[in-house]
Amino acid sequence: MKATFSISDQNYTVDFSQPIDISIPLTNTDENPIAWYLDKPSIEPVRMGDWVGKVSEGQSSTNFNTIAFNPHGHGTHTECLGHITRDFYSINDTLKTFVFLAQVVTIQPEKLDNGDAVITLEQVSQLWQAKEQTAIVIRTLPNEAIKKHSKYSHTNPPYLAAEAAAFLREQGIKHLLIDLPSVDKEKDEGKLLAHKAFWNVKDINQVNDDACFDATITEMIYVPKEVKDDFYLLNIQIASFVNDASPSKPILYKVK
């Protein structure tokens, strides 16, 4: 199915029969990516005495699983500013529209003398093309399929400079997507500089009125190599969790 939409004076055509899924599925195997020092997710049938909620075991007419996971550490997830604030904010209340014009960019993080690898303001600003997009998808290099299975704990993955996060906010970006476990450094003493810069949160104990309450960050995506840097229609799908974050399924569609 094809449809046409417009932003300002620019018309775009999108074919909804050609989705590009950039989420990482959640499994209970060692193939699942893991961050933040967790074990793998658990997907297990309910057990009540001798009864097991699994059709293949012959005792149940349905498969009846309980799933235990952490959205931040076990795969693609979308979070709101409630991730870093003392007051509670839910992603289910934050994300109210689900389709956006997005720019996909590819960046090789810059190596620093201390061993860190950082996506810098200069890199982001050089690739920025203003077309009234409200979302950006950052793919980092190298972009190997191992990202879908990586064990990130204690590996000091690349991260986004706070100045780059602030730049994106100032350009009108409301939805920041990245193929890393966090926009921030793994061990940063709780500073969370990029999160705070993007959401414009100055004090986590009392959120300022001009904070970006309607903005989201999506982490641990995977953008296949064949997807070119360009503009796309982005659909962010979440589960209706009353939590600071939800597992999510961002989908890209080519536009003309």
# chains A, B, ... in the order shown; residues from 1 in each chain; ligands from 1

call {"tool": "residues_around", "arguments": {"residues": "Pro247 (chain A)", "least_positions_apart": "4", "cutoff": "10 Å", "atoms": "only C-alpha atoms", "output": "count of residues only"}}
result
21

call {"tool": "residues_around", "arguments": {"residues": "Ala194 (chain A)", "least_positions_apart": "5", "cutoff": "12 Å", "atoms": "only C-alpha atoms", "output": "VMD selection string"}}
result
chain A and resid 81 84 118 to 121 159 to 169 176 182 to 186 188 199 to 202 217

call {"tool": "select_by_dssp", "arguments": {"residues": "region 122-172 of chain A", "states": "helix (DSSP H, G or I)", "output": "ChimeraX atom specification"}}
result
/A:122-127,145-148,162-170

call {"tool": "write_last_selection", "arguments": {"atoms": "all heavy atoms", "output": "short mmCIF file (atom, residue, chain, number, x, y, z; two decimals), in the first residue's frame"}}
result
data_model
loop_
_atom_site.label_atom_id
_atom_site.label_comp_id
_atom_site.auth_asym_id
_atom_site.auth_seq_id
_atom_site.Cartn_x
_atom_site.Cartn_y
_atom_site.Cartn_z
N GLU A 122 30.84 17.84 16.08
CA GLU A 122 31.29 18.12 14.73
C GLU A 122 30.80 17.06 13.75
O GLU A 122 30.34 17.38 12.64
CB GLU A 122 32.82 18.20 14.68
CG GLU A 122 33.37 18.53 13.31
CD GLU A 122 34.88 18.63 13.28
OE1 GLU A 122 35.52 18.29 14.30
OE2 GLU A 122 35.43 19.03 12.24
N GLN A 123 30.87 15.80 14.13
CA GLN A 123 30.41 14.73 13.25
C GLN A 123 28.92 14.83 12.97
O GLN A 123 28.46 14.70 11.84
CB GLN A 123 30.73 13.37 13.88
CG GLN A 123 32.21 13.03 13.91
CD GLN A 123 32.48 11.73 14.65
OE1 GLN A 123 31.97 11.51 15.74
NE2 GLN A 123 33.27 10.86 14.04
N VAL A 124 28.15 15.07 14.02
CA VAL A 124 26.70 15.15 13.87
C VAL A 124 26.29 16.37 13.04
O VAL A 124 25.47 16.28 12.13
CB VAL A 124 26.01 15.18 15.25
CG1 VAL A 124 24.52 15.47 15.12
CG2 VAL A 124 26.22 13.85 15.97
N SER A 125 26.89 17.51 13.33
CA SER A 125 26.51 18.74 12.64
C SER A 125 26.89 18.70 11.16
O SER A 125 26.19 19.27 10.31
CB SER A 125 27.15 19.95 13.31
OG SER A 125 28.57 19.87 13.30
N GLN A 126 27.98 18.00 10.82
CA GLN A 126 28.38 17.89 9.42
C GLN A 126 27.40 17.06 8.60
O GLN A 126 27.22 17.30 7.40
CB GLN A 126 29.79 17.29 9.32
CG GLN A 126 30.90 18.25 9.71
CD GLN A 126 32.28 17.62 9.61
OE1 GLN A 126 32.41 16.41 9.48
NE2 GLN A 126 33.31 18.44 9.69
N LEU A 127 26.77 16.09 9.24
CA LEU A 127 25.83 15.22 8.52
C LEU A 127 24.40 15.74 8.55
O LEU A 127 23.55 15.26 7.79
CB LEU A 127 25.87 13.81 9.13
CG LEU A 127 27.18 13.04 8.92
CD1 LEU A 127 27.18 11.77 9.76
CD2 LEU A 127 27.38 12.71 7.45
N ALA A 145 26.86 -7.48 12.16
CA ALA A 145 25.64 -8.11 12.69
C ALA A 145 25.81 -8.57 14.13
O ALA A 145 24.81 -8.82 14.83
CB ALA A 145 25.24 -9.29 11.82
N ILE A 146 27.05 -8.63 14.65
CA ILE A 146 27.28 -9.01 16.04
C ILE A 146 26.59 -8.05 17.00
O ILE A 146 26.33 -8.39 18.16
CB ILE A 146 28.80 -9.08 16.33
CG1 ILE A 146 29.07 -9.70 17.71
CG2 ILE A 146 29.44 -7.71 16.23
CD1 ILE A 146 28.58 -11.11 17.87
N LYS A 147 26.27 -6.84 16.52
CA LYS A 147 25.54 -5.89 17.38
C LYS A 147 24.23 -6.48 17.88
O LYS A 147 23.75 -6.10 18.96
CB LYS A 147 25.24 -4.60 16.62
CG LYS A 147 26.43 -3.68 16.41
CD LYS A 147 26.01 -2.45 15.65
CE LYS A 147 27.19 -1.51 15.41
NZ LYS A 147 26.81 -0.34 14.60
N LYS A 148 23.65 -7.39 17.12
CA LYS A 148 22.38 -7.98 17.53
C LYS A 148 22.53 -9.00 18.65
O LYS A 148 21.54 -9.47 19.21
CB LYS A 148 21.71 -8.63 16.32
CG LYS A 148 21.31 -7.63 15.24
CD LYS A 148 20.52 -8.28 14.12
CE LYS A 148 21.40 -9.11 13.22
NZ LYS A 148 20.62 -9.63 12.04
N ALA A 162 27.58 15.09 24.92
CA ALA A 162 26.46 15.90 25.39
C ALA A 162 26.19 17.06 24.45
O ALA A 162 25.04 17.44 24.21
CB ALA A 162 26.74 16.40 26.81
N GLU A 163 27.26 17.64 23.90
CA GLU A 163 27.09 18.78 22.98
C GLU A 163 26.35 18.35 21.71
O GLU A 163 25.55 19.11 21.16
CB GLU A 163 28.45 19.36 22.61
CG GLU A 163 29.23 19.95 23.77
CD GLU A 163 29.97 18.91 24.60
OE1 GLU A 163 29.97 17.71 24.20
OE2 GLU A 163 30.56 19.27 25.63
N ALA A 164 26.58 17.13 21.26
CA ALA A 164 25.88 16.62 20.08
C ALA A 164 24.41 16.39 20.40
O ALA A 164 23.52 16.68 19.58
CB ALA A 164 26.53 15.32 19.60
N ALA A 165 24.13 15.86 21.60
CA ALA A 165 22.74 15.66 22.01
C ALA A 165 22.00 16.98 22.11
O ALA A 165 20.85 17.10 21.69
CB ALA A 165 22.71 14.93 23.35
N ALA A 166 22.66 17.99 22.67
CA ALA A 166 22.04 19.32 22.78
C ALA A 166 21.78 19.91 21.40
O ALA A 166 20.73 20.54 21.16
CB ALA A 166 22.93 20.24 23.60
N PHE A 167 22.73 19.73 20.48
CA PHE A 167 22.56 20.22 19.11
C PHE A 167 21.31 19.63 18.46
O PHE A 167 20.51 20.35 17.84
CB PHE A 167 23.80 19.89 18.28
CG PHE A 167 23.64 20.12 16.81
CD1 PHE A 167 23.82 21.39 16.27
CD2 PHE A 167 23.31 19.07 15.96
CE1 PHE A 167 23.68 21.60 14.90
CE2 PHE A 167 23.17 19.28 14.59
CZ PHE A 167 23.35 20.55 14.06
N LEU A 168 21.12 18.33 18.61
CA LEU A 168 19.96 17.68 18.01
C LEU A 168 18.66 18.21 18.61
O LEU A 168 17.68 18.44 17.90
CB LEU A 168 20.07 16.17 18.19
CG LEU A 168 21.20 15.51 17.40
CD1 LEU A 168 21.36 14.05 17.80
CD2 LEU A 168 20.95 15.62 15.90
N ARG A 169 18.65 18.40 19.93
CA ARG A 169 17.47 18.98 20.56
C ARG A 169 17.18 20.37 20.00
O ARG A 169 16.03 20.71 19.69
CB ARG A 169 17.66 19.05 22.08
CG ARG A 169 16.62 19.90 22.80
CD ARG A 169 16.77 19.83 24.30
NE ARG A 169 18.11 20.14 24.78
CZ ARG A 169 18.59 21.37 24.91
NH1 ARG A 169 17.85 22.42 24.59
NH2 ARG A 169 19.81 21.56 25.38
N GLU A 170 18.22 21.17 19.85
CA GLU A 170 18.05 22.54 19.36
C GLU A 170 17.59 22.58 17.91
O GLU A 170 16.97 23.56 17.48
CB GLU A 170 19.38 23.29 19.51
CG GLU A 170 19.75 23.55 20.96
CD GLU A 170 21.22 23.90 21.15
OE1 GLU A 170 21.97 23.90 20.14
OE2 GLU A 170 21.62 24.15 22.31
#

call {"tool": "atom_distance", "arguments": {"atom1": "CA of Tyr37 (chain A)", "atom2": "CA of Ala215 (chain A)"}}
result
26.9 Å

call {"tool": "residues_around", "arguments": {"residues": "Thr106 (chain A)", "least_positions_apart": "2", "cutoff": "8 Å", "atoms": "only C-alpha atoms", "output": "PyMOL selection string"}}
result
chain A and resi 104+108+138-141+229

call {"tool": "decode", "arguments": {"residues": "region 106-122 of chain A", "atoms": "all heavy atoms", "output": "PDB file, in the first residue's frame"}}
result
ATOM      1  N   THR A 106      25.251   7.724   9.369  1.00  0.00           N
ATOM      2  CA  THR A 106      26.250   6.734   9.772  1.00  0.00           C
ATOM      3  C   THR A 106      27.513   7.449  10.230  1.00  0.00           C
ATOM      4  O   THR A 106      28.019   8.325   9.527  1.00  0.00           O
ATOM      5  CB  THR A 106      26.586   5.784   8.613  1.00  0.00           C
ATOM      6  OG1 THR A 106      25.388   5.143   8.174  1.00  0.00           O
ATOM      7  CG2 THR A 106      27.588   4.724   9.041  1.00  0.00           C
ATOM      8  N   ILE A 107      28.004   7.067  11.415  1.00  0.00           N
ATOM      9  CA  ILE A 107      29.133   7.781  12.025  1.00  0.00           C
ATOM     10  C   ILE A 107      30.136   6.778  12.603  1.00  0.00           C
ATOM     11  O   ILE A 107      29.754   5.820  13.291  1.00  0.00           O
ATOM     12  CB  ILE A 107      28.644   8.717  13.150  1.00  0.00           C
ATOM     13  CG1 ILE A 107      27.723   9.804  12.575  1.00  0.00           C
ATOM     14  CG2 ILE A 107      29.821   9.357  13.887  1.00  0.00           C
ATOM     15  CD1 ILE A 107      27.099  10.704  13.632  1.00  0.00           C
ATOM     16  N   GLN A 108      31.395   7.024  12.337  1.00  0.00           N
ATOM     17  CA  GLN A 108      32.490   6.295  12.986  1.00  0.00           C
ATOM     18  C   GLN A 108      32.881   7.076  14.236  1.00  0.00           C
ATOM     19  O   GLN A 108      33.445   8.173  14.134  1.00  0.00           O
ATOM     20  CB  GLN A 108      33.690   6.190  12.067  1.00  0.00           C
ATOM     21  CG  GLN A 108      34.934   5.593  12.718  1.00  0.00           C
ATOM     22  CD  GLN A 108      34.859   4.092  12.865  1.00  0.00           C
ATOM     23  OE1 GLN A 108      34.791   3.371  11.885  1.00  0.00           O
ATOM     24  NE2 GLN A 108      34.892   3.613  14.102  1.00  0.00           N
ATOM     25  N   PRO A 109      32.568   6.596  15.446  1.00  0.00           N
ATOM     26  CA  PRO A 109      32.922   7.343  16.652  1.00  0.00           C
ATOM     27  C   PRO A 109      34.412   7.673  16.707  1.00  0.00           C
ATOM     28  O   PRO A 109      35.253   6.888  16.269  1.00  0.00           O
ATOM     29  CB  PRO A 109      32.510   6.396  17.786  1.00  0.00           C
ATOM     30  CG  PRO A 109      31.424   5.554  17.176  1.00  0.00           C
ATOM     31  CD  PRO A 109      31.830   5.351  15.755  1.00  0.00           C
ATOM     32  N   GLU A 110      34.699   8.826  17.245  1.00  0.00           N
ATOM     33  CA  GLU A 110      36.079   9.318  17.305  1.00  0.00           C
ATOM     34  C   GLU A 110      36.778   8.774  18.544  1.00  0.00           C
ATOM     35  O   GLU A 110      36.257   8.866  19.662  1.00  0.00           O
ATOM     36  CB  GLU A 110      36.056  10.845  17.335  1.00  0.00           C
ATOM     37  CG  GLU A 110      37.410  11.505  17.301  1.00  0.00           C
ATOM     38  CD  GLU A 110      37.291  13.017  17.249  1.00  0.00           C
ATOM     39  OE1 GLU A 110      36.570  13.527  16.367  1.00  0.00           O
ATOM     40  OE2 GLU A 110      37.903  13.685  18.112  1.00  0.00           O
ATOM     41  N   LYS A 111      37.959   8.216  18.353  1.00  0.00           N
ATOM     42  CA  LYS A 111      38.722   7.654  19.469  1.00  0.00           C
ATOM     43  C   LYS A 111      39.415   8.772  20.255  1.00  0.00           C
ATOM     44  O   LYS A 111      40.050   9.649  19.674  1.00  0.00           O
ATOM     45  CB  LYS A 111      39.771   6.671  18.953  1.00  0.00           C
ATOM     46  CG  LYS A 111      39.180   5.406  18.367  1.00  0.00           C
ATOM     47  CD  LYS A 111      38.559   4.541  19.450  1.00  0.00           C
ATOM     48  CE  LYS A 111      38.036   3.228  18.893  1.00  0.00           C
ATOM     49  NZ  LYS A 111      39.100   2.316  18.482  1.00  0.00           N
ATOM     50  N   LEU A 112      39.299   8.714  21.581  1.00  0.00           N
ATOM     51  CA  LEU A 112      39.952   9.675  22.461  1.00  0.00           C
ATOM     52  C   LEU A 112      41.185   9.038  23.104  1.00  0.00           C
ATOM     53  O   LEU A 112      41.339   7.813  23.123  1.00  0.00           O
ATOM     54  CB  LEU A 112      38.976  10.133  23.549  1.00  0.00           C
ATOM     55  CG  LEU A 112      37.654  10.757  23.080  1.00  0.00           C
ATOM     56  CD1 LEU A 112      36.852  11.238  24.286  1.00  0.00           C
ATOM     57  CD2 LEU A 112      37.889  11.888  22.093  1.00  0.00           C
ATOM     58  N   ASP A 113      42.030   9.870  23.656  1.00  0.00           N
ATOM     59  CA  ASP A 113      43.265   9.382  24.274  1.00  0.00           C
ATOM     60  C   ASP A 113      43.002   8.474  25.471  1.00  0.00           C
ATOM     61  O   ASP A 113      43.827   7.622  25.807  1.00  0.00           O
ATOM     62  CB  ASP A 113      44.139  10.568  24.708  1.00  0.00           C
ATOM     63  CG  ASP A 113      44.699  11.339  23.520  1.00  0.00           C
ATOM     64  OD1 ASP A 113      44.735  10.762  22.410  1.00  0.00           O
ATOM     65  OD2 ASP A 113      45.086  12.510  23.700  1.00  0.00           O
ATOM     66  N   ASN A 114      41.840   8.651  26.127  1.00  0.00           N
ATOM     67  CA  ASN A 114      41.543   7.839  27.312  1.00  0.00           C
ATOM     68  C   ASN A 114      40.929   6.487  26.962  1.00  0.00           C
ATOM     69  O   ASN A 114      40.531   5.727  27.852  1.00  0.00           O
ATOM     70  CB  ASN A 114      40.612   8.602  28.257  1.00  0.00           C
ATOM     71  CG  ASN A 114      39.248   8.878  27.635  1.00  0.00           C
ATOM     72  OD1 ASN A 114      38.980   8.501  26.494  1.00  0.00           O
ATOM     73  ND2 ASN A 114      38.383   9.545  28.386  1.00  0.00           N
ATOM     74  N   GLY A 115      40.817   6.181  25.672  1.00  0.00           N
ATOM     75  CA  GLY A 115      40.262   4.904  25.250  1.00  0.00           C
ATOM     76  C   GLY A 115      38.794   4.944  24.900  1.00  0.00           C
ATOM     77  O   GLY A 115      38.245   3.975  24.357  1.00  0.00           O
ATOM     78  N   ASP A 116      38.127   6.056  25.186  1.00  0.00           N
ATOM     79  CA  ASP A 116      36.721   6.196  24.840  1.00  0.00           C
ATOM     80  C   ASP A 116      36.558   6.390  23.335  1.00  0.00           C
ATOM     81  O   ASP A 116      37.490   6.824  22.643  1.00  0.00           O
ATOM     82  CB  ASP A 116      36.094   7.395  25.558  1.00  0.00           C
ATOM     83  CG  ASP A 116      35.919   7.163  27.046  1.00  0.00           C
ATOM     84  OD1 ASP A 116      36.236   6.047  27.516  1.00  0.00           O
ATOM     85  OD2 ASP A 116      35.461   8.090  27.734  1.00  0.00           O
ATOM     86  N   ALA A 117      35.367   6.082  22.834  1.00  0.00           N
ATOM     87  CA  ALA A 117      34.984   6.378  21.454  1.00  0.00           C
ATOM     88  C   ALA A 117      33.698   7.196  21.511  1.00  0.00           C
ATOM     89  O   ALA A 117      32.713   6.755  22.116  1.00  0.00           O
ATOM     90  CB  ALA A 117      34.772   5.093  20.666  1.00  0.00           C
ATOM     91  N   VAL A 118      33.714   8.373  20.902  1.00  0.00           N
ATOM     92  CA  VAL A 118      32.636   9.344  21.092  1.00  0.00           C
ATOM     93  C   VAL A 118      32.101   9.830  19.750  1.00  0.00           C
ATOM     94  O   VAL A 118      32.858  10.119  18.818  1.00  0.00           O
ATOM     95  CB  VAL A 118      33.128  10.553  21.918  1.00  0.00           C
ATOM     96  CG1 VAL A 118      31.982  11.528  22.180  1.00  0.00           C
ATOM     97  CG2 VAL A 118      33.725  10.091  23.239  1.00  0.00           C
ATOM     98  N   ILE A 119      30.779   9.950  19.661  1.00  0.00           N
ATOM     99  CA  ILE A 119      30.119  10.615  18.539  1.00  0.00           C
ATOM    100  C   ILE A 119      30.104  12.101  18.874  1.00  0.00           C
ATOM    101  O   ILE A 119      29.461  12.521  19.833  1.00  0.00           O
ATOM    102  CB  ILE A 119      28.692  10.084  18.344  1.00  0.00           C
ATOM    103  CG1 ILE A 119      28.724   8.577  18.076  1.00  0.00           C
ATOM    104  CG2 ILE A 119      27.984  10.828  17.202  1.00  0.00           C
ATOM    105  CD1 ILE A 119      27.363   7.922  18.183  1.00  0.00           C
ATOM    106  N   THR A 120      30.807  12.901  18.108  1.00  0.00           N
ATOM    107  CA  THR A 120      31.047  14.294  18.468  1.00  0.00           C
ATOM    108  C   THR A 120      30.036  15.243  17.832  1.00  0.00           C
ATOM    109  O   THR A 120      29.343  14.900  16.858  1.00  0.00           O
ATOM    110  CB  THR A 120      32.461  14.725  18.035  1.00  0.00           C
ATOM    111  OG1 THR A 120      32.514  14.741  16.589  1.00  0.00           O
ATOM    112  CG2 THR A 120      33.517  13.773  18.577  1.00  0.00           C
ATOM    113  N   LEU A 121      30.009  16.443  18.372  1.00  0.00           N
ATOM    114  CA  LEU A 121      29.173  17.500  17.806  1.00  0.00           C
ATOM    115  C   LEU A 121      29.555  17.779  16.364  1.00  0.00           C
ATOM    116  O   LEU A 121      28.692  17.940  15.498  1.00  0.00           O
ATOM    117  CB  LEU A 121      29.304  18.771  18.652  1.00  0.00           C
ATOM    118  CG  LEU A 121      28.700  20.044  18.068  1.00  0.00           C
ATOM    119  CD1 LEU A 121      27.211  19.890  17.819  1.00  0.00           C
ATOM    120  CD2 LEU A 121      28.983  21.237  18.978  1.00  0.00           C
ATOM    121  N   GLU A 122      30.837  17.836  16.084  1.00  0.00           N
ATOM    122  CA  GLU A 122      31.289  18.124  14.730  1.00  0.00           C
ATOM    123  C   GLU A 122      30.796  17.064  13.748  1.00  0.00           C
ATOM    124  O   GLU A 122      30.338  17.384  12.641  1.00  0.00           O
ATOM    125  CB  GLU A 122      32.815  18.200  14.683  1.00  0.00           C
ATOM    126  CG  GLU A 122      33.366  18.531  13.307  1.00  0.00           C
ATOM    127  CD  GLU A 122      34.877  18.626  13.285  1.00  0.00           C
ATOM    128  OE1 GLU A 122      35.515  18.295  14.303  1.00  0.00           O
ATOM    129  OE2 GLU A 122      35.428  19.028  12.243  1.00  0.00           O
TER     130      GLU A 122
END
